[in-house]
Structures are given as structure tokens and as C-alpha cells.
$ cat start-v4.tsv   # TSV, C-alpha atoms and all ligand atoms
chain	number	residue	atom	x	y	z
A	608	MET	CA	-2.86	-17.91	-19.76
A	609	ASP	CA	-3.65	-18.75	-23.42
A	610	ARG	CA	-3.64	-15.02	-24.24
A	611	TRP	CA	0.04	-14.78	-23.25
A	612	GLU	CA	1.31	-17.97	-24.86
A	613	GLY	CA	4.32	-17.20	-27.09
A	614	LYS	CA	4.42	-13.58	-25.82
A	615	VAL	CA	7.50	-12.05	-24.20
A	616	ALA	CA	7.98	-11.36	-20.49
A	617	LEU	CA	10.93	-9.55	-18.91
A	618	VAL	CA	11.65	-10.39	-15.25
A	619	THR	CA	14.19	-8.37	-13.23
A	620	GLY	CA	15.91	-9.93	-10.23
A	621	ALA	CA	15.51	-13.39	-11.77
A	622	SER	CA	18.63	-14.94	-10.23
A	623	SER	CA	17.05	-15.88	-6.88
A	624	GLY	CA	13.95	-16.04	-4.70
A	625	ILE	CA	10.67	-14.69	-6.01
A	626	GLY	CA	12.11	-13.71	-9.41
A	627	THR	CA	13.35	-17.24	-10.14
A	628	GLN	CA	9.91	-18.68	-9.35
A	629	ILE	CA	8.16	-16.08	-11.52
A	630	VAL	CA	10.43	-16.99	-14.47
A	631	ASN	CA	9.63	-20.65	-13.91
A	632	ALA	CA	5.86	-20.05	-13.75
A	633	LEU	CA	5.76	-17.81	-16.84
A	634	ALA	CA	7.87	-20.24	-18.90
A	635	LYS	CA	5.67	-23.13	-17.77
A	636	ASN	CA	2.70	-21.18	-19.12
A	637	GLY	CA	4.31	-20.88	-22.55
A	638	MET	CA	5.79	-17.38	-22.37
A	639	LYS	CA	9.25	-16.49	-23.69
A	640	VAL	CA	11.01	-15.09	-20.64
A	641	ILE	CA	13.97	-12.71	-20.59
A	642	ALA	CA	15.56	-13.26	-17.18
A	643	VAL	CA	17.83	-10.46	-15.95
A	644	ALA	CA	20.02	-9.87	-12.87
A	645	ARG	CA	23.72	-9.30	-12.20
A	646	ARG	CA	24.60	-12.96	-11.50
A	647	LEU	CA	24.57	-14.34	-15.06
A	648	ALA	CA	25.74	-17.84	-14.06
A	649	LYS	CA	22.61	-18.32	-11.90
A	650	LEU	CA	20.37	-17.17	-14.77
A	651	GLU	CA	22.08	-19.54	-17.19
A	652	GLU	CA	21.59	-22.43	-14.76
A	653	LEU	CA	17.89	-21.52	-14.47
A	654	ALA	CA	17.46	-21.39	-18.26
A	655	VAL	CA	19.08	-24.81	-18.68
A	656	SER	CA	16.97	-26.42	-15.96
A	657	ILE	CA	13.72	-24.95	-17.33
A	658	LYS	CA	14.62	-26.12	-20.85
A	659	SER	CA	15.39	-29.65	-19.69
A	660	GLU	CA	12.37	-29.86	-17.36
A	661	PHE	CA	9.60	-28.73	-19.74
A	662	ASN	CA	11.32	-27.22	-22.78
A	663	GLY	CA	10.59	-23.67	-21.53
A	664	LYS	CA	12.16	-20.70	-23.29
A	665	VAL	CA	14.28	-18.51	-21.02
A	666	TYR	CA	16.78	-15.91	-22.27
A	667	PRO	CA	19.33	-15.06	-19.56
A	668	MET	CA	20.94	-11.61	-19.71
A	669	ALA	CA	23.28	-9.85	-17.29
A	670	CYS	CA	21.86	-6.48	-16.33
A	671	ASP	CA	22.55	-4.19	-13.39
A	672	VAL	CA	19.30	-2.24	-13.07
A	673	GLN	CA	21.18	0.59	-11.36
A	674	LYS	CA	22.58	1.35	-14.84
A	675	GLU	CA	19.99	2.75	-17.25
A	676	GLU	CA	22.15	1.93	-20.30
A	677	GLU	CA	22.09	-1.78	-19.35
A	678	ILE	CA	18.27	-1.76	-19.05
A	679	LEU	CA	17.96	-0.04	-22.44
A	680	LYS	CA	20.28	-2.64	-23.98
A	681	VAL	CA	17.94	-5.44	-22.81
A	682	PHE	CA	14.89	-3.71	-24.35
A	683	LYS	CA	16.79	-3.16	-27.62
A	684	TRP	CA	17.80	-6.83	-27.74
A	685	ALA	CA	14.19	-7.85	-26.99
A	686	GLU	CA	12.89	-5.69	-29.85
A	687	GLU	CA	15.45	-6.96	-32.36
A	688	GLU	CA	15.35	-10.64	-31.42
A	689	LEU	CA	11.85	-11.25	-30.04
A	690	GLY	CA	9.77	-8.34	-31.37
A	691	GLY	CA	9.40	-6.48	-28.04
A	692	VAL	CA	8.33	-6.95	-24.43
A	693	ASP	CA	4.66	-7.64	-23.59
A	694	VAL	CA	4.81	-8.27	-19.84
A	695	MET	CA	7.17	-6.42	-17.47
A	696	ILE	CA	7.76	-7.92	-14.03
A	697	ASN	CA	9.56	-5.36	-11.86
A	698	ASN	CA	10.87	-7.69	-9.17
A	699	ALA	CA	14.54	-6.75	-8.50
A	700	GLY	CA	14.83	-5.26	-5.04
A	701	VAL	CA	17.34	-4.52	-2.30
A	702	MET	CA	17.03	-4.04	1.44
A	703	VAL	CA	19.73	-2.49	3.62
A	704	ASN	CA	19.66	-3.14	7.35
A	705	GLU	CA	20.78	0.15	8.80
A	706	PRO	CA	18.95	3.11	10.34
A	707	ILE	CA	18.38	6.13	8.09
A	708	ILE	CA	19.88	8.40	10.77
A	709	GLU	CA	23.20	6.48	10.73
A	710	GLY	CA	23.11	5.30	7.11
A	711	SER	CA	25.26	6.08	4.09
A	712	THR	CA	24.07	8.19	1.17
A	713	GLU	CA	25.47	5.47	-1.12
A	714	ASN	CA	22.98	3.00	0.35
A	715	TYR	CA	20.11	5.50	0.04
A	716	ARG	CA	21.01	5.79	-3.67
A	717	LYS	CA	21.25	2.04	-4.20
A	718	ILE	CA	17.79	1.45	-2.70
A	719	LEU	CA	16.20	4.24	-4.72
A	720	ASP	CA	18.00	3.22	-7.96
A	721	VAL	CA	16.97	-0.45	-7.76
A	722	ASN	CA	13.59	-0.28	-6.00
A	723	VAL	CA	12.21	2.90	-7.58
A	724	LEU	CA	14.09	4.31	-10.61
A	725	ALA	CA	14.55	0.93	-12.35
A	726	VAL	CA	10.79	0.31	-11.97
A	727	ALA	CA	10.06	3.65	-13.63
A	728	ILE	CA	12.57	3.09	-16.46
A	729	CYS	CA	11.36	-0.46	-17.19
A	730	SER	CA	7.70	0.61	-17.05
A	731	ARG	CA	8.34	3.48	-19.47
A	732	GLU	CA	10.19	1.22	-21.90
A	733	LEU	CA	7.42	-1.41	-21.71
A	734	VAL	CA	4.76	1.18	-22.53
A	735	GLN	CA	6.86	2.53	-25.44
A	736	SER	CA	7.25	-1.01	-26.80
A	737	ILE	CA	3.49	-1.65	-26.52
A	738	LYS	CA	2.66	1.73	-28.09
A	739	LYS	CA	4.88	1.01	-31.10
A	740	ARG	CA	3.30	-2.38	-31.77
A	741	LYS	CA	-0.32	-1.56	-30.67
A	742	VAL	CA	-0.61	-4.79	-28.65
A	743	ALA	CA	-1.70	-5.65	-25.10
A	744	GLY	CA	0.72	-5.41	-22.20
A	745	HIS	CA	0.93	-5.79	-18.43
A	746	ILE	CA	3.24	-4.27	-15.79
A	747	ILE	CA	3.51	-6.16	-12.50
A	748	ASN	CA	5.40	-4.50	-9.67
A	749	ILE	CA	6.62	-6.69	-6.82
A	750	ASN	CA	5.97	-4.28	-3.98
A	751	SER	CA	5.79	-5.14	-0.24
A	752	VAL	CA	3.54	-4.72	2.80
A	753	ALA	CA	6.36	-2.34	3.81
A	754	GLY	CA	5.02	-0.09	1.04
A	755	HIS	CA	1.64	0.19	2.81
A	756	TYR	CA	2.22	-0.27	6.56
A	757	ALA	CA	5.61	1.22	7.61
A	758	GLU	CA	4.31	1.46	11.20
A	759	MET	CA	4.43	-2.35	11.44
A	760	ILE	CA	8.21	-2.43	10.88
A	761	THR	CA	10.33	-1.05	13.72
A	762	MET	CA	13.61	-2.72	12.71
A	763	PRO	CA	16.05	-0.54	10.74
A	764	ILE	CA	15.61	-1.06	7.00
A	765	SER	CA	16.84	2.34	5.79
A	766	LEU	CA	14.80	3.68	2.83
A	767	TYR	CA	13.27	0.27	2.00
A	768	SER	CA	9.75	1.20	3.23
A	769	ALA	CA	10.02	4.64	1.63
A	770	SER	CA	11.03	3.04	-1.67
A	771	LYS	CA	8.09	0.62	-1.59
A	772	TYR	CA	5.63	3.46	-0.75
A	773	ALA	CA	7.00	5.04	-3.93
A	774	VAL	CA	6.16	1.83	-5.83
A	775	THR	CA	2.60	1.95	-4.43
A	776	ALA	CA	2.17	5.54	-5.63
A	777	MET	CA	3.95	4.89	-8.94
A	778	SER	CA	1.67	1.95	-9.74
A	779	THR	CA	-1.38	4.21	-9.31
A	780	SER	CA	0.16	7.07	-11.33
A	781	LEU	CA	1.07	4.66	-14.14
A	782	ARG	CA	-2.49	3.31	-14.19
A	783	HIS	CA	-3.91	6.84	-14.49
A	784	GLU	CA	-1.46	7.85	-17.25
A	785	ILE	CA	-1.99	4.66	-19.24
A	786	THR	CA	-5.79	4.98	-18.98
A	787	LYS	CA	-5.60	8.58	-20.19
A	788	ALA	CA	-3.33	7.64	-23.10
A	789	LYS	CA	-5.61	4.67	-23.92
A	790	HIS	CA	-2.85	2.07	-24.08
A	791	ASP	CA	-3.95	-1.53	-23.56
A	792	VAL	CA	-1.66	-2.03	-20.56
A	793	LYS	CA	-2.71	-3.15	-17.07
A	794	VAL	CA	-0.75	-2.31	-13.91
A	795	THR	CA	-0.71	-4.63	-10.90
A	796	SER	CA	1.09	-4.11	-7.60
A	797	ILE	CA	1.70	-7.30	-5.60
A	798	SER	CA	2.63	-6.71	-1.96
A	799	PRO	CA	3.89	-9.72	-0.02
A	800	GLY	CA	4.57	-9.98	3.70
A	801	MET	CA	7.57	-12.08	4.75
A	802	VAL	CA	8.75	-14.51	2.08
A	803	ASP	CA	11.46	-17.12	2.68
A	804	THR	CA	14.21	-15.85	0.34
A	805	GLU	CA	17.86	-14.71	0.46
A	806	MET	CA	16.68	-11.17	1.25
A	807	LEU	CA	14.82	-12.23	4.39
A	808	ARG	CA	17.49	-14.66	5.58
A	809	SER	CA	20.30	-12.12	5.28
A	810	ALA	CA	18.16	-9.42	6.95
A	811	ALA	CA	17.59	-11.79	9.89
A	812	ILE	CA	21.36	-12.34	10.20
A	813	ASN	CA	22.21	-8.63	9.82
A	814	LEU	CA	19.64	-7.63	12.45
A	815	GLY	CA	20.62	-10.43	14.83
A	816	LEU	CA	17.05	-11.73	14.89
A	817	ASP	CA	16.38	-15.11	16.37
A	818	MET	CA	14.31	-16.28	13.42
A	819	ASP	CA	13.54	-19.94	13.41
A	820	LEU	CA	11.93	-19.91	9.96
A	821	GLU	CA	10.51	-23.37	10.50
A	822	SER	CA	8.39	-22.20	13.44
A	823	LEU	CA	7.14	-19.07	11.67
A	824	THR	CA	4.27	-19.12	9.25
A	825	ILE	CA	5.93	-17.57	6.28
A	826	LEU	CA	5.22	-17.23	2.56
A	827	LYS	CA	7.05	-19.21	-0.11
A	828	ASP	CA	8.47	-17.63	-3.29
A	829	THR	CA	6.06	-19.82	-5.28
A	830	ASP	CA	3.07	-18.17	-3.50
A	831	ILE	CA	4.06	-14.85	-5.10
A	832	ALA	CA	4.61	-16.46	-8.52
A	833	ASP	CA	1.07	-17.88	-8.22
A	834	ALA	CA	-0.26	-14.33	-7.64
A	835	VAL	CA	1.54	-13.15	-10.78
A	836	ILE	CA	-0.09	-15.88	-12.86
A	837	TYR	CA	-3.49	-15.10	-11.31
A	838	SER	CA	-3.12	-11.38	-12.16
A	839	LEU	CA	-2.17	-12.15	-15.79
A	840	ASN	CA	-4.80	-14.84	-16.22
A	841	VAL	CA	-7.99	-12.84	-15.48
A	842	PRO	CA	-10.22	-11.88	-18.43
A	843	HIS	CA	-8.95	-9.06	-20.64
A	844	TYR	CA	-11.54	-6.58	-19.22
A	845	VAL	CA	-10.49	-7.25	-15.58
A	846	GLN	CA	-7.57	-5.40	-13.97
A	847	ILE	CA	-6.13	-6.59	-10.65
A	848	CYS	CA	-4.72	-3.38	-9.17
A	849	GLU	CA	-3.42	-4.37	-5.75
A	850	VAL	CA	-2.74	-7.77	-4.22
A	851	ILE	CA	-1.68	-7.89	-0.56
A	852	ILE	CA	-0.48	-11.32	0.55
A	853	THR	CA	0.37	-12.12	4.17
A	854	PRO	CA	1.03	-15.37	5.99
A	855	HIS	CA	-1.99	-16.68	7.90
A	856	GLU	CA	-0.52	-15.57	11.23
A	857	ALA	CA	-2.95	-17.52	13.37
A	858	LEU	CA	-0.84	-20.55	12.49
A	859	ALA	CA	2.43	-19.05	13.82
A	860	THR	CA	3.91	-20.59	16.96
A	861	LYS	CA	6.35	-17.68	17.55
A	862	ASN	CA	6.11	-13.88	17.33
A	863	PRO	CA	4.58	-13.68	13.84
A	864	ARG	CA	6.23	-10.31	13.08
A	865	PRO	CA	9.90	-10.50	13.99
A	866	PHE	CA	10.58	-7.19	12.19
A	867	SER	CA	8.52	-5.29	14.76
A	868	LYS	CA	9.98	-6.07	18.16
A	901	LIG	N1	11.51	-11.71	0.87
A	901	LIG	C1	10.56	-10.97	1.38
A	901	LIG	O1	10.18	-11.15	2.56
A	901	LIG	C2	9.88	-9.91	0.53
A	901	LIG	C3	8.70	-9.36	1.02
A	901	LIG	C4	8.05	-8.38	0.28
A	901	LIG	C5	8.56	-7.97	-0.92
A	901	LIG	N2	9.72	-8.53	-1.40
A	901	LIG	C6	10.22	-8.04	-2.67
A	901	LIG	O2	10.36	-9.12	-3.57
A	901	LIG	C7	11.33	-8.79	-4.58
A	901	LIG	C8	12.28	-9.97	-4.74
A	901	LIG	O3	13.01	-10.17	-3.55
A	901	LIG	P1	13.40	-11.61	-2.94
A	901	LIG	O4	12.78	-11.69	-1.60
A	901	LIG	O5	13.15	-12.65	-3.94
A	901	LIG	O6	14.95	-11.35	-2.68
A	901	LIG	P2	16.29	-11.97	-3.29
A	901	LIG	O7	16.21	-13.45	-3.31
A	901	LIG	O8	17.37	-11.29	-2.54
A	901	LIG	O9	16.26	-11.46	-4.80
A	901	LIG	C9	16.57	-10.14	-5.16
A	901	LIG	C10	16.84	-10.12	-6.65
A	901	LIG	O10	17.11	-8.76	-7.05
A	901	LIG	C11	18.25	-8.77	-7.86
A	901	LIG	N3	18.97	-7.49	-7.79
A	901	LIG	C12	19.40	-6.82	-6.71
A	901	LIG	N4	20.10	-5.72	-7.09
A	901	LIG	C13	20.10	-5.71	-8.44
A	901	LIG	C14	20.67	-4.87	-9.42
A	901	LIG	N5	21.38	-3.78	-9.10
A	901	LIG	N6	20.48	-5.16	-10.73
A	901	LIG	C15	19.78	-6.26	-11.10
A	901	LIG	N7	19.22	-7.11	-10.22
A	901	LIG	C16	19.38	-6.84	-8.91
A	901	LIG	C17	19.13	-9.92	-7.34
A	901	LIG	O11	19.98	-10.41	-8.39
A	901	LIG	P3	21.57	-10.19	-8.50
A	901	LIG	O12	22.11	-10.09	-7.11
A	901	LIG	O13	22.03	-11.41	-9.26
A	901	LIG	O14	21.73	-8.94	-9.31
A	901	LIG	C18	18.06	-10.96	-7.02
A	901	LIG	O15	17.77	-11.71	-8.16
A	901	LIG	C19	12.01	-7.50	-4.09
A	901	LIG	O16	11.50	-6.41	-4.81
A	901	LIG	C20	11.61	-7.42	-2.64
A	901	LIG	O17	11.60	-6.10	-2.17
A	901	LIG	C21	10.38	-9.49	-0.70

$ encode --input "start-v4.tsv" --output "C-alpha cells"
Amino acid sequence: MDRWEGKVALVTGASSGIGTQIVNALAKNGMKVIAVARRLAKLEELAVSIKSEFNGKVYPMACDVQKEEEILKVFKWAEEELGGVDVMINNAGVMVNEPIIEGSTENYRKILDVNVLAVAICSRELVQSIKKRKVAGHIININSVAGHYAEMITMPISLYSASKYAVTAMSTSLRHEITKAKHDVKVTSISPGMVDTEMLRSAAINLGLDMDLESLTILKDTDIADAVIYSLNVPHYVQICEVIITPHEALATKNPRPFSK
């Protein structure tokens, strides 16, 4: 990670789960990390604990990624105060547990705004920042196995799978565009299976699933942060395009896929 030491990363959805662990891992590796989400108090707590634990540099900022003007404000602040953003981690995500055929348009919009449009806006702004400064950059999209294998998920999760398929396609389109424009920016899509976070726990409650998380073989948020560090840490000429991470289901003592009953 020497290449990225002192460089700036922006992590969306940093107030819990996978995002919090990514902030922690990047700061531990010497990056300056702008941590954004709506719950500012949680971000401030994270920044204080990282500073006291290993003197890591985390900059907490409230940002609702459904609002483009709030995303643009973060990029402007990053340019003025830290020079710009080098690594963009598109992690913020929402899942809604209702069927599409009974669902609200408001929820369709929320899923598409957070899981798709914010990824596009942040990726565009990252590339513009890199272009201006002629430096190296990296976009990492936290996707999902739901963005590759919708047939495995029979529980109602509204447009979640559709939104993650969009992230799969967007990651490829970005890679093509960036290659054509000859910017020094890599694009990585990381697609986890079930990870023990707030999102999974509240989905289990909403869907009335009998999920004894202790008896399932399930990923930890730190496993995904490890994949982020791996993707950033490869030699400059290597690009990790797609990482699919699933639990080793042979170890499960219960139905390993409770989302597909
Ligand atoms: N858990 C899993 O099993 C799993 C599996 C595959 C992929 N993923 C993906 O991993 C990513 C992280 O999810 P997680 O599991 O860590 O869930 P989580 O603990 O619920 O975290 C979701 C994060 O997104 C943020 N967020 C939601 N809406 C936002 C908005 N409008 N503006 C800004 N931030 C917003 C939340 O922060 P605030 O509420 O403070 O705004 C929170 O920090 C998501 O993209 C998810 O789709 C998760």
C-alpha cells in the first residue's frame, strides 16, 4: 500500500458495517480518509477511535448520497482542503424488503438513487479530479452476488438485484471509457455474498427469516475490507476487475442460503 500512503480516499456509507471497516483499513494503511454517510455522530465516533488507536486521519462529513449537491460539496471540500480524491469507494447501499409488484415508487427511487446514481456521480467526480491533477486513481464499487445471480434470491428485495446488476454493467462501462480516455484509473467491482451487518440483520427481521447467524457460515465486514486492500495493493500494471466473495458453504450447519427458500 506504499503507493497510496498520504493519498486521499472517499468512502460512502462509512457509518456502519462494511464501510466502517474499509475506513479503518485504509486509515491503517496511511491513507487520508473522507468518511461520509447521513449519521454524522457515528462518523465522528469512528474518526476519534481511529485517531486514538493508531493516529489515523479520518475526515467525517455528513452527506446524503441521494442528493447530488451534497456529493458535489464533499468533492469541492476535498479539492480545497486535501488536493482532491484519489480512491473512490462506492459502498453506500440500501435494500428494501418488499416485492416489486406491491412496492412503492418512492422505494424504487431510493434504491436507484443510492445504489446506482450515486455510484455514477461519485465515479464521474473521481475521474474529473484525477484528470485535473494527472495522477493515479482507483474506483472500487461494493457490488453484491445479487448483481450477478438474481436467480439465487427468491425473497422479495425490490429493485436491489436490479440495482446491483446495474453496478456490474457500470463497472465494465467505466473501465472501457477510462481505458479509451487513457486516464490512470482502475475500476474494481467487489461482490460479497451474505455479510453480517445491519443490512442483513434488518432484512432477516423484515422477512421473518429464522436466521441464527451463529450457525450460518457468513462473511464478516472485515473480509470485504481485506478485499479492498488487496485490490489497491497489487502492482500498478495489474487491475483486479471483479472479486466475488462467498462464505465457504460446506461449513454451514443450516440452510446456507436463507434468502432462497
Ligand atoms: N450485508 C450484506 O450481506 C451485503 C452483501 C453484499 C453486498 N453488500 C453491499 O455492501 C454495502 C454496504 O452495506 P452493509 O452491509 O455494510 O450495510 P449497512 O451496515 O446497512 O451500511 C449501509 C451504509 O450505507 C449508508 N447509506 C444508506 N443510505 C444512504 C444515503 N442516502 N446517503 C449516504 N449514505 C447512505 C448508511 O449510512 P447512513 O444510514 O448513516 O446514511 C450505512 O453507512 C452496500 O452497498 C450493500 O449493498 C452487503

$ residues_near_ligand --input "start-v4.tsv" --ligand "ligand LIG 901 (chain A)" --cutoff "8 Å" --atoms "all atoms listed in the file" --output "CSV table (one decimal) with C-alpha atoms, in the coordinates of the input"
chain,number,residue,atom,x,y,z
A,619,THR,CA,14.2,-8.4,-13.2
A,620,GLY,CA,15.9,-9.9,-10.2
A,621,ALA,CA,15.5,-13.4,-11.8
A,622,SER,CA,18.6,-14.9,-10.2
A,623,SER,CA,17.0,-15.9,-6.9
A,624,GLY,CA,14.0,-16.0,-4.7
A,625,ILE,CA,10.7,-14.7,-6.0
A,626,GLY,CA,12.1,-13.7,-9.4
A,627,THR,CA,13.4,-17.2,-10.1
A,643,VAL,CA,17.8,-10.5,-16.0
A,644,ALA,CA,20.0,-9.9,-12.9
A,645,ARG,CA,23.7,-9.3,-12.2
A,646,ARG,CA,24.6,-13.0,-11.5
A,647,LEU,CA,24.6,-14.3,-15.1
A,649,LYS,CA,22.6,-18.3,-11.9
A,669,ALA,CA,23.3,-9.8,-17.3
A,670,CYS,CA,21.9,-6.5,-16.3
A,671,ASP,CA,22.6,-4.2,-13.4
A,672,VAL,CA,19.3,-2.2,-13.1
A,673,GLN,CA,21.2,0.6,-11.4
A,674,LYS,CA,22.6,1.4,-14.8
A,697,ASN,CA,9.6,-5.4,-11.9
A,698,ASN,CA,10.9,-7.7,-9.2
A,699,ALA,CA,14.5,-6.8,-8.5
A,700,GLY,CA,14.8,-5.3,-5.0
A,701,VAL,CA,17.3,-4.5,-2.3
A,702,MET,CA,17.0,-4.0,1.4
A,717,LYS,CA,21.2,2.0,-4.2
A,720,ASP,CA,18.0,3.2,-8.0
A,721,VAL,CA,17.0,-0.4,-7.8
A,722,ASN,CA,13.6,-0.3,-6.0
A,749,ILE,CA,6.6,-6.7,-6.8
A,750,ASN,CA,6.0,-4.3,-4.0
A,751,SER,CA,5.8,-5.1,-0.2
A,752,VAL,CA,3.5,-4.7,2.8
A,753,ALA,CA,6.4,-2.3,3.8
A,767,TYR,CA,13.3,0.3,2.0
A,771,LYS,CA,8.1,0.6,-1.6
A,798,SER,CA,2.6,-6.7,-2.0
A,799,PRO,CA,3.9,-9.7,0.0
A,800,GLY,CA,4.6,-10.0,3.7
A,801,MET,CA,7.6,-12.1,4.8
A,802,VAL,CA,8.8,-14.5,2.1
A,803,ASP,CA,11.5,-17.1,2.7
A,804,THR,CA,14.2,-15.8,0.3
A,805,GLU,CA,17.9,-14.7,0.5
A,806,MET,CA,16.7,-11.2,1.2
A,807,LEU,CA,14.8,-12.2,4.4
A,826,LEU,CA,5.2,-17.2,2.6
A,828,ASP,CA,8.5,-17.6,-3.3

$ closest_residue --input "start-v4.tsv" --among "A:Asn704, A:Thr829, A:Gln735, A:Gln628" --to "Ile812 (chain A)" --atoms "all atoms listed in the file"
A:Asn704

$ closest_residue --input "start-v4.tsv" --among "A:Leu766, A:Ala642, A:Ile747, A:Ala654" --to "Thr779 (chain A)" --atoms "all atoms listed in the file"
A:Ile747

$ atom_distance --input "start-v4.tsv" --atom1 "CA of Cys729 (chain A)" --atom2 "CA of Glu660 (chain A)"
29.4 Å

$ closest_residue --input "start-v4.tsv" --among "A:Lys793, A:Arg731, A:Arg716, A:Lys635" --to "Ile678 (chain A)" --atoms "only C-alpha atoms"
A:Arg731

$ atom_distance --input "start-v4.tsv" --atom1 "CA of Gly691 (chain A)" --atom2 "CA of Ala743 (chain A)"
11.5 Å

$ atom_distance --input "start-v4.tsv" --atom1 "CA of Ile641 (chain A)" --atom2 "CA of Ala685 (chain A)"
8.0 Å

$ residues_around --input "start-v4.tsv" --residues "Ser656 (chain A)" --least-positions-apart "4" --cutoff "12 Å" --atoms "only C-alpha atoms" --output "ChimeraX atom specification"
/A:627,630-631,634-635,649-652,660-665

$ residues_around --input "start-v4.tsv" --residues "Ser778 (chain A)" --least-positions-apart "3" --cutoff "10 Å" --atoms "all atoms listed in the file" --output "PyMOL selection string"
chain A and resi 726-727+730+746-748+750+772-775+781-783+793-796+848-849

$ write_last_selection --input "start-v4.tsv" --atoms "C-alpha atoms" --output "JSON list (two decimals), keeping the file's coordinate frame"
[["chain", "number", "residue", "atom", "x", "y", "z"],
["A", 726, "VAL", "CA", 10.79, 0.31, -11.97],
["A", 727, "ALA", "CA", 10.06, 3.65, -13.63],
["A", 730, "SER", "CA", 7.70, 0.61, -17.05],
["A", 746, "ILE", "CA", 3.24, -4.27, -15.79],
["A", 747, "ILE", "CA", 3.51, -6.16, -12.50],
["A", 748, "ASN", "CA", 5.40, -4.50, -9.67],
["A", 750, "ASN", "CA", 5.97, -4.28, -3.98],
["A", 772, "TYR", "CA", 5.63, 3.46, -0.75],
["A", 773, "ALA", "CA", 7.00, 5.04, -3.93],
["A", 774, "VAL", "CA", 6.16, 1.83, -5.83],
["A", 775, "THR", "CA", 2.60, 1.95, -4.43],
["A", 781, "LEU", "CA", 1.07, 4.66, -14.14],
["A", 782, "ARG", "CA", -2.49, 3.31, -14.19],
["A", 783, "HIS", "CA", -3.91, 6.84, -14.49],
["A", 793, "LYS", "CA", -2.71, -3.15, -17.07],
["A", 794, "VAL", "CA", -0.75, -2.31, -13.91],
["A", 795, "THR", "CA", -0.71, -4.63, -10.90],
["A", 796, "SER", "CA", 1.09, -4.11, -7.60],
["A", 848, "CYS", "CA", -4.72, -3.38, -9.17],
["A", 849, "GLU", "CA", -3.42, -4.37, -5.75]]
